[in-house]
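Data file: upload-v3.tsv. Format and content: TSV, C-alpha atoms.
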chain	number	residue	atom	x	y	z
C	1	GLY	CA	-156.99	96.50	-187.04
C	2	PHE	CA	-155.01	96.22	-190.27
C	3	GLY	CA	-151.29	96.57	-190.89
C	4	ASN	CA	-148.45	95.07	-192.93
C	5	GLY	CA	-150.89	93.03	-195.00
C	6	THR	CA	-152.69	91.46	-192.03
C	7	PHE	CA	-156.22	91.97	-190.69
C	8	LEU	CA	-156.49	91.49	-186.91
C	9	GLY	CA	-159.73	90.99	-185.01
C	10	VAL	CA	-160.14	91.29	-181.23
C	11	PRO	CA	-163.26	90.13	-179.31
C	12	TRP	CA	-165.39	93.09	-178.24
C	13	SER	CA	-164.85	92.31	-174.54
C	14	GLY	CA	-161.15	91.45	-175.01
C	15	GLY	CA	-159.63	88.00	-175.08
C	16	GLU	CA	-156.64	85.68	-175.08
C	17	THR	CA	-156.92	85.08	-178.83
C	18	VAL	CA	-156.45	87.42	-181.79
C	19	HIS	CA	-157.94	86.43	-185.15
C	20	ALA	CA	-155.62	87.06	-188.11
C	21	SER	CA	-156.23	87.05	-191.85
C	22	GLY	CA	-154.26	88.00	-194.93
C	23	ASP	CA	-157.30	88.39	-197.19
C	24	GLY	CA	-160.27	89.01	-194.86
C	25	ARG	CA	-161.80	85.65	-195.83
C	26	GLN	CA	-159.64	82.96	-194.24
C	27	TRP	CA	-158.98	83.50	-190.52
C	28	THR	CA	-156.72	81.78	-188.01
C	29	SER	CA	-156.50	82.18	-184.25
C	30	VAL	CA	-153.16	83.35	-182.88
C	31	PRO	CA	-152.12	84.04	-179.28
C	32	SER	CA	-153.02	87.48	-177.98
C	33	PRO	CA	-150.26	89.48	-176.28
C	34	PHE	CA	-152.52	89.84	-173.22
C	35	PRO	CA	-155.47	87.87	-171.82
C	36	ASP	CA	-157.54	91.07	-172.03
C	37	THR	CA	-156.44	92.72	-175.30
C	38	ARG	CA	-158.97	95.39	-176.29
C	39	ASN	CA	-157.74	97.06	-179.47
C	40	ILE	CA	-154.96	97.04	-182.10
C	41	GLY	CA	-153.66	100.04	-184.05
C	42	PHE	CA	-151.07	100.43	-186.80
C	43	GLY	CA	-148.48	103.06	-187.77
C	44	ASN	CA	-144.84	103.32	-188.90
C	45	GLU	CA	-144.86	99.63	-189.92
C	46	THR	CA	-145.76	98.70	-186.31
C	47	LEU	CA	-148.86	97.06	-184.85
C	48	VAL	CA	-149.70	98.20	-181.31
C	49	ALA	CA	-152.03	96.26	-179.00
C	50	VAL	CA	-153.54	97.72	-175.81
C	51	SER	CA	-155.28	95.88	-172.99
C	52	ASP	CA	-157.89	96.29	-170.28
C	53	THR	CA	-155.09	96.37	-167.71
C	54	ALA	CA	-153.07	98.96	-169.69
C	55	GLY	CA	-150.57	96.49	-171.10
C	56	ILE	CA	-149.06	97.63	-174.41
C	57	ALA	CA	-147.35	95.34	-176.94
C	58	THR	CA	-145.94	95.73	-180.46
C	59	SER	CA	-145.57	93.43	-183.46
C	60	THR	CA	-144.61	93.66	-187.12
C	61	GLU	CA	-146.85	90.81	-188.34
C	62	GLY	CA	-149.51	90.29	-185.66
C	63	ARG	CA	-148.43	86.83	-184.58
C	64	THR	CA	-145.47	87.43	-182.28
C	65	TRP	CA	-145.58	90.29	-179.78
C	66	THR	CA	-143.13	92.21	-177.58
C	67	ILE	CA	-144.41	93.65	-174.30
C	68	ARG	CA	-143.59	97.37	-174.08
C	69	GLN	CA	-145.70	98.44	-171.10
C	70	PRO	CA	-146.68	96.13	-168.20
C	71	SER	CA	-150.20	95.98	-166.80
C	72	SER	CA	-151.28	98.55	-164.21
C	73	THR	CA	-154.39	100.13	-162.66
C	74	LEU	CA	-155.06	101.83	-166.00
C	75	SER	CA	-157.36	100.37	-168.62
C	76	LEU	CA	-156.71	101.15	-172.29
C	77	ASN	CA	-159.67	100.62	-174.63
C	78	SER	CA	-158.38	102.03	-177.91
C	79	VAL	CA	-155.23	103.10	-179.74
C	80	THR	CA	-154.71	105.22	-182.85
C	81	PHE	CA	-151.85	106.65	-184.91
C	82	GLY	CA	-151.45	110.08	-186.47
C	83	ASP	CA	-148.71	112.64	-187.19
C	84	ASP	CA	-146.08	110.00	-186.28
C	85	ILE	CA	-147.61	109.58	-182.80
C	86	PHE	CA	-149.42	106.67	-181.14
C	87	VAL	CA	-152.14	107.57	-178.61
C	88	GLY	CA	-153.93	105.11	-176.33
C	89	ALA	CA	-157.08	106.11	-174.42
C	90	GLY	CA	-158.91	104.57	-171.49
C	91	MET	CA	-159.44	105.07	-167.77
C	92	ASP	CA	-157.68	104.93	-164.42
C	93	TYR	CA	-159.28	102.42	-162.03
C	94	GLY	CA	-157.19	103.80	-159.19
C	95	PHE	CA	-159.97	106.34	-158.65
C	96	SER	CA	-163.71	105.98	-158.01
C	97	PRO	CA	-165.32	106.75	-160.33
C	98	PRO	CA	-162.49	106.08	-162.84
C	99	LEU	CA	-160.74	109.09	-164.37
C	100	PRO	CA	-159.74	109.49	-168.04
C	101	ALA	CA	-156.30	108.18	-169.00
C	102	VAL	CA	-154.15	108.81	-172.09
C	103	MET	CA	-150.81	107.24	-173.05
C	104	ARG	CA	-148.59	108.66	-175.83
C	105	SER	CA	-145.62	107.30	-177.80
C	106	SER	CA	-143.57	108.44	-180.78
C	107	ASP	CA	-142.24	104.96	-181.56
C	108	GLY	CA	-144.64	102.40	-180.04
C	109	THR	CA	-141.91	101.27	-177.67
C	110	ASN	CA	-141.61	104.04	-175.08
C	111	TRP	CA	-144.85	105.34	-173.58
C	112	VAL	CA	-145.62	108.33	-171.35
C	113	ARG	CA	-148.87	109.02	-169.55
C	114	GLN	CA	-150.39	112.41	-170.37
C	115	THR	CA	-152.39	114.74	-168.12
C	116	ILE	CA	-156.08	115.01	-169.02
C	117	GLU	CA	-158.57	116.81	-166.81
C	118	GLY	CA	-162.05	115.36	-166.41
C	119	LYS	CA	-164.16	112.68	-164.77
C	120	HIS	CA	-165.03	110.42	-167.69
C	121	SER	CA	-163.96	107.03	-168.95
C	122	LEU	CA	-162.57	107.08	-172.49
C	123	VAL	CA	-163.61	104.25	-174.81
C	124	ASP	CA	-162.31	105.25	-178.24
C	125	VAL	CA	-159.73	107.52	-179.88
C	126	ALA	CA	-159.20	108.53	-183.52
C	127	TYR	CA	-157.06	110.87	-185.62
C	128	GLY	CA	-158.07	113.13	-188.50
C	129	ASN	CA	-157.55	116.63	-189.88
C	130	GLY	CA	-154.46	117.10	-187.71
C	131	THR	CA	-156.37	116.37	-184.50
C	132	PHE	CA	-156.71	113.52	-182.00
C	133	VAL	CA	-160.21	113.02	-180.57
C	134	ALA	CA	-161.21	110.79	-177.63
C	135	VAL	CA	-164.80	110.00	-176.63
C	136	GLY	CA	-166.50	108.36	-173.67
C	137	GLY	CA	-168.55	109.35	-170.66
C	138	SER	CA	-169.87	107.89	-167.44
C	139	TYR	CA	-171.17	104.32	-167.66
C	140	ASN	CA	-172.65	103.66	-164.20
C	141	TYR	CA	-176.18	102.46	-164.97
C	142	SER	CA	-177.34	103.11	-161.40
C	143	ARG	CA	-176.98	106.89	-161.83
C	144	SER	CA	-177.09	109.60	-164.47
C	145	GLN	CA	-174.89	108.90	-167.49
C	146	THR	CA	-173.03	111.57	-169.45
C	147	LYS	CA	-171.21	111.79	-172.78
C	148	ALA	CA	-167.86	113.54	-173.20
C	149	ILE	CA	-165.50	114.49	-176.04
C	150	TYR	CA	-161.87	115.63	-175.77
C	151	SER	CA	-159.47	116.81	-178.48
C	152	SER	CA	-155.73	117.38	-178.82
C	153	LYS	CA	-153.38	118.56	-181.57
C	154	ASP	CA	-150.37	116.63	-180.30
C	155	GLY	CA	-151.77	113.83	-178.11
C	156	ALA	CA	-150.25	115.51	-175.04
C	157	ALA	CA	-152.38	118.57	-174.22
C	158	TRP	CA	-156.11	117.75	-174.12
C	159	THR	CA	-159.22	119.97	-173.95
C	160	GLN	CA	-162.76	118.86	-173.13
C	161	ARG	CA	-165.05	119.91	-175.99
C	162	LEU	CA	-168.42	118.50	-174.95
C	163	GLU	CA	-170.24	117.14	-171.91
C	164	ASP	CA	-173.96	116.52	-171.53
C	165	PRO	CA	-176.23	114.12	-169.59
C	166	SER	CA	-177.76	112.33	-172.56
C	167	GLY	CA	-175.82	109.08	-172.17
C	168	PRO	CA	-172.27	108.01	-173.04
C	169	LEU	CA	-170.55	107.73	-176.41
C	170	ASN	CA	-169.33	104.27	-177.38
C	171	SER	CA	-167.35	104.55	-180.62
C	172	LEU	CA	-165.60	107.02	-182.93
C	173	VAL	CA	-164.27	107.06	-186.49
C	174	TRP	CA	-162.78	109.51	-189.00
C	175	GLY	CA	-163.97	109.44	-192.61
C	176	ASN	CA	-165.30	111.64	-195.42
C	177	GLY	CA	-163.56	114.64	-193.87
C	178	LYS	CA	-165.25	114.39	-190.48
C	179	PHE	CA	-165.33	112.62	-187.15
C	180	VAL	CA	-168.45	110.61	-186.34
C	181	ALA	CA	-169.21	109.48	-182.78
C	182	VAL	CA	-172.07	107.15	-181.79
C	183	GLY	CA	-173.61	106.40	-178.41
C	184	ASN	CA	-176.61	105.33	-176.40
C	185	ALA	CA	-180.19	106.27	-177.25
C	186	GLY	CA	-179.32	106.69	-180.92
C	187	TYR	CA	-177.06	109.70	-180.45
C	188	ILE	CA	-174.80	110.27	-183.46
C	189	LEU	CA	-172.58	113.36	-183.56
C	190	SER	CA	-170.24	114.71	-186.24
C	191	SER	CA	-167.43	117.25	-186.41
C	192	ALA	CA	-164.96	118.38	-189.08
C	193	ASP	CA	-162.41	119.73	-186.60
C	194	GLY	CA	-163.00	117.74	-183.38
C	195	ILE	CA	-163.95	120.95	-181.58
C	196	SER	CA	-167.47	121.88	-182.69
C	197	TRP	CA	-169.98	119.00	-182.74
C	198	GLU	CA	-173.44	118.72	-184.26
C	199	PRO	CA	-176.08	115.97	-183.89
C	200	MET	CA	-176.89	113.96	-186.99
C	201	ARG	CA	-180.63	113.46	-187.50
C	202	LEU	CA	-181.04	109.79	-188.24
C	203	PRO	CA	-184.11	107.55	-187.70
C	204	THR	CA	-182.84	105.58	-184.71
C	205	THR	CA	-183.17	105.64	-180.93
C	206	ASP	CA	-181.30	102.37	-180.39
C	207	ASP	CA	-177.95	102.26	-178.59
C	208	ARG	CA	-175.06	102.28	-181.08
C	209	VAL	CA	-171.97	100.46	-179.84
C	210	SER	CA	-169.62	100.76	-182.83
C	211	VAL	CA	-169.16	102.79	-186.00
C	212	ALA	CA	-166.93	102.19	-189.03
C	213	HIS	CA	-166.22	103.95	-192.32
C	214	GLY	CA	-165.30	102.60	-195.73
C	215	ASN	CA	-165.90	103.33	-199.40
C	216	GLY	CA	-167.56	106.64	-198.55
C	217	THR	CA	-170.11	105.07	-196.17
C	218	PHE	CA	-170.56	105.04	-192.40
C	219	VAL	CA	-172.11	102.01	-190.66
C	220	ALA	CA	-173.20	102.16	-187.00
C	221	VAL	CA	-174.20	98.90	-185.32
C	222	GLY	CA	-176.03	98.13	-182.07
C	223	GLY	CA	-179.69	97.84	-181.20
C	224	PRO	CA	-182.17	98.11	-178.34
C	225	ARG	CA	-180.82	97.00	-174.98
C	226	THR	CA	-182.29	93.77	-173.59
C	227	GLY	CA	-180.70	93.25	-170.19
C	228	ALA	CA	-176.95	93.25	-170.82
C	229	ASN	CA	-177.34	92.34	-174.51
C	230	TYR	CA	-178.13	94.14	-177.75
C	231	LEU	CA	-180.39	93.05	-180.56
C	232	ARG	CA	-178.31	93.52	-183.69
C	233	SER	CA	-179.17	96.24	-186.18
C	234	ALA	CA	-177.28	98.70	-188.35
C	235	VAL	CA	-177.71	102.27	-189.55
C	236	ILE	CA	-176.01	103.15	-192.85
C	237	PHE	CA	-175.38	106.78	-193.79
Could you show the structure in this file as structure tokens?
Amino acid sequence: GFGNGTFLGVPWSGGETVHASGDGRQWTSVPSPFPDTRNIGFGNETLVAVSDTAGIATSTEGRTWTIRQPSSTLSLNSVTFGDDIFVGAGMDYGFSPPLPAVMRSSDGTNWVRQTIEGKHSLVDVAYGNGTFVAVGGSYNYSRSQTKAIYSSKDGAAWTQRLEDPSGPLNSLVWGNGKFVAVGNAGYILSSADGISWEPMRLPTTDDRVSVAHGNGTFVAVGGPRTGANYLRSAVIF
């Protein structure tokens, strides 16, 4: 994440340490607000960190944190900011299989869980074109996997826009006037409004675990699965 002049990096699987930098070149390790921090977002001069046990914390400079929401059976994987609203997305481990979970806040301090119908874990959330979009799916490798996409205008009322059995989505970004979501088996989808989605025809069948946008370019990273690991590769488009 980036906010108030500070870049913040979180280990992909979460961790007790956050890596901070003022210029993107020199990095220092600072204490994480949680031992399982998953993602950090920024809005209204506030950094918001979410954790695998649904803890939520805020900071103005990324080095000292205030706990706003204690840990629970929820797991929050991602947080975004748009239209003066923070939205965190994840799953509820109180059910088997886990159900989707969304938390919403207008100030980063007070959070309310929102109702979202479905049976999918949510792994990423983004904001663009006046719309929040959350992506995920089912991730049980012993049975059929599905991908799912949800959208919301206000972060409170959510509608499922897509579900199919071609494997889960792993990451989402807004850029160049569209959402781009990437997933397993090389699936890359795009949408201008978060409602109607189209596949992007790119020369890859590798799993894509993350996508980013900058300077007019999308980069999706991942690779073929070898056991629990990925060989690193990137698709640029």
Size and centre in Å, one decimal, axis-aligned box, all listed segment 65-74 of chain C atoms plus 5 Å per side, as JSON:
{"center_x": -149.1, "center_y": 96.1, "center_z": -171.2, "size_x": 21.9, "size_y": 21.5, "size_z": 27.1}
> Which one of C:Val30, C:Ile188, C:Ala89, C:Ile56 sits closest to His120 of chain C if you count only C-alpha atoms?
Replying inline: C:Ala89
>> Please determine, counting all atoms listed in the file, which residue among C:Gly175, C:Gly62, C:Gly55, C:Pro98 has the shortest atom-to-atom distance to Ala126 of chain C.
In response: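 Looking at the shortest contact to Ala126 of chain C, the residue is C:Gly175.
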> Given the choices C:Thr37, C:Gln160, C:Asn77, C:Ser166, which gets closest to Glu117 of chain C if the distance is worked out from all atoms listed in the file?
Replying inline: C:Gln160
>> Which residues are near Arg104 of chain C? Cut-off 8 Å, only C-alpha atoms, ignore same chain within fewer than 5 positions. Put them as a PyMOL selection string.
In response: chain C and resi 85-88+111-114+155-156
How about completing segment 56-74 of chain C with N, CA, C and O atoms and giving it to me as a PDB file, in the coordinates of the input?
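Dumped everything to rebuild_17.pdb:
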ATOM      1  N   ILE C  56    -149.275  97.199-173.036  1.00  0.00           N
ATOM      2  CA  ILE C  56    -149.060  97.630-174.410  1.00  0.00           C
ATOM      3  C   ILE C  56    -148.008  96.727-175.036  1.00  0.00           C
ATOM      4  O   ILE C  56    -146.967  96.459-174.429  1.00  0.00           O
ATOM      5  N   ALA C  57    -148.275  96.237-176.254  1.00  0.00           N
ATOM      6  CA  ALA C  57    -147.350  95.340-176.940  1.00  0.00           C
ATOM      7  C   ALA C  57    -147.251  95.739-178.408  1.00  0.00           C
ATOM      8  O   ALA C  57    -148.179  96.328-178.969  1.00  0.00           O
ATOM      9  N   THR C  58    -146.131  95.407-179.051  1.00  0.00           N
ATOM     10  CA  THR C  58    -145.940  95.730-180.460  1.00  0.00           C
ATOM     11  C   THR C  58    -145.592  94.471-181.255  1.00  0.00           C
ATOM     12  O   THR C  58    -145.080  93.482-180.716  1.00  0.00           O
ATOM     13  N   SER C  59    -145.865  94.531-182.557  1.00  0.00           N
ATOM     14  CA  SER C  59    -145.570  93.430-183.460  1.00  0.00           C
ATOM     15  C   SER C  59    -145.435  93.982-184.867  1.00  0.00           C
ATOM     16  O   SER C  59    -145.995  95.033-185.193  1.00  0.00           O
ATOM     17  N   THR C  60    -144.696  93.261-185.719  1.00  0.00           N
ATOM     18  CA  THR C  60    -144.610  93.660-187.120  1.00  0.00           C
ATOM     19  C   THR C  60    -145.549  92.846-188.002  1.00  0.00           C
ATOM     20  O   THR C  60    -145.889  93.277-189.105  1.00  0.00           O
ATOM     21  N   GLU C  61    -146.000  91.655-187.511  1.00  0.00           N
ATOM     22  CA  GLU C  61    -146.850  90.810-188.340  1.00  0.00           C
ATOM     23  C   GLU C  61    -148.090  90.288-187.619  1.00  0.00           C
ATOM     24  O   GLU C  61    -148.886  89.565-188.206  1.00  0.00           O
ATOM     25  N   GLY C  62    -148.291  90.642-186.362  1.00  0.00           N
ATOM     26  CA  GLY C  62    -149.510  90.290-185.660  1.00  0.00           C
ATOM     27  C   GLY C  62    -149.555  88.902-185.069  1.00  0.00           C
ATOM     28  O   GLY C  62    -150.602  88.478-184.569  1.00  0.00           O
ATOM     29  N   ARG C  63    -148.440  88.196-185.112  1.00  0.00           N
ATOM     30  CA  ARG C  63    -148.430  86.830-184.580  1.00  0.00           C
ATOM     31  C   ARG C  63    -147.456  86.660-183.411  1.00  0.00           C
ATOM     32  O   ARG C  63    -147.681  85.841-182.534  1.00  0.00           O
ATOM     33  N   THR C  64    -146.382  87.408-183.419  1.00  0.00           N
ATOM     34  CA  THR C  64    -145.470  87.430-182.280  1.00  0.00           C
ATOM     35  C   THR C  64    -145.395  88.854-181.745  1.00  0.00           C
ATOM     36  O   THR C  64    -145.313  89.815-182.513  1.00  0.00           O
ATOM     37  N   TRP C  65    -145.434  88.980-180.410  1.00  0.00           N
ATOM     38  CA  TRP C  65    -145.580  90.290-179.780  1.00  0.00           C
ATOM     39  C   TRP C  65    -144.474  90.521-178.750  1.00  0.00           C
ATOM     40  O   TRP C  65    -144.001  89.588-178.104  1.00  0.00           O
ATOM     41  N   THR C  66    -144.090  91.794-178.606  1.00  0.00           N
ATOM     42  CA  THR C  66    -143.130  92.210-177.580  1.00  0.00           C
ATOM     43  C   THR C  66    -143.829  93.146-176.612  1.00  0.00           C
ATOM     44  O   THR C  66    -144.426  94.150-177.033  1.00  0.00           O
ATOM     45  N   ILE C  67    -143.775  92.817-175.318  1.00  0.00           N
ATOM     46  CA  ILE C  67    -144.410  93.650-174.300  1.00  0.00           C
ATOM     47  C   ILE C  67    -143.598  94.926-174.110  1.00  0.00           C
ATOM     48  O   ILE C  67    -142.397  94.875-173.845  1.00  0.00           O
ATOM     49  N   ARG C  68    -144.252  96.072-174.237  1.00  0.00           N
ATOM     50  CA  ARG C  68    -143.590  97.370-174.080  1.00  0.00           C
ATOM     51  C   ARG C  68    -143.990  98.070-172.794  1.00  0.00           C
ATOM     52  O   ARG C  68    -143.231  98.879-172.264  1.00  0.00           O
ATOM     53  N   GLN C  69    -145.190  97.785-172.309  1.00  0.00           N
ATOM     54  CA  GLN C  69    -145.700  98.440-171.100  1.00  0.00           C
ATOM     55  C   GLN C  69    -146.421  97.383-170.275  1.00  0.00           C
ATOM     56  O   GLN C  69    -147.343  96.741-170.756  1.00  0.00           O
ATOM     57  N   PRO C  70    -146.004  97.145-169.019  1.00  0.00           N
ATOM     58  CA  PRO C  70    -146.680  96.130-168.200  1.00  0.00           C
ATOM     59  C   PRO C  70    -148.062  96.597-167.763  1.00  0.00           C
ATOM     60  O   PRO C  70    -148.405  97.778-167.857  1.00  0.00           O
ATOM     61  N   SER C  71    -148.858  95.668-167.276  1.00  0.00           N
ATOM     62  CA  SER C  71    -150.200  95.980-166.800  1.00  0.00           C
ATOM     63  C   SER C  71    -150.139  96.872-165.576  1.00  0.00           C
ATOM     64  O   SER C  71    -149.152  96.900-164.841  1.00  0.00           O
ATOM     65  N   SER C  72    -151.226  97.624-165.336  1.00  0.00           N
ATOM     66  CA  SER C  72    -151.280  98.550-164.210  1.00  0.00           C
ATOM     67  C   SER C  72    -152.735  98.776-163.830  1.00  0.00           C
ATOM     68  O   SER C  72    -153.627  98.040-164.264  1.00  0.00           O
ATOM     69  N   THR C  73    -153.007  99.810-163.026  1.00  0.00           N
ATOM     70  CA  THR C  73    -154.390 100.130-162.660  1.00  0.00           C
ATOM     71  C   THR C  73    -155.123 100.832-163.790  1.00  0.00           C
ATOM     72  O   THR C  73    -156.329 101.050-163.704  1.00  0.00           O
ATOM     73  N   LEU C  74    -154.399 101.207-164.855  1.00  0.00           N
ATOM     74  CA  LEU C  74    -155.060 101.830-166.000  1.00  0.00           C
ATOM     75  C   LEU C  74    -155.741 100.768-166.854  1.00  0.00           C
ATOM     76  O   LEU C  74    -155.387  99.593-166.829  1.00  0.00           O
TER      77      LEU C  74
END
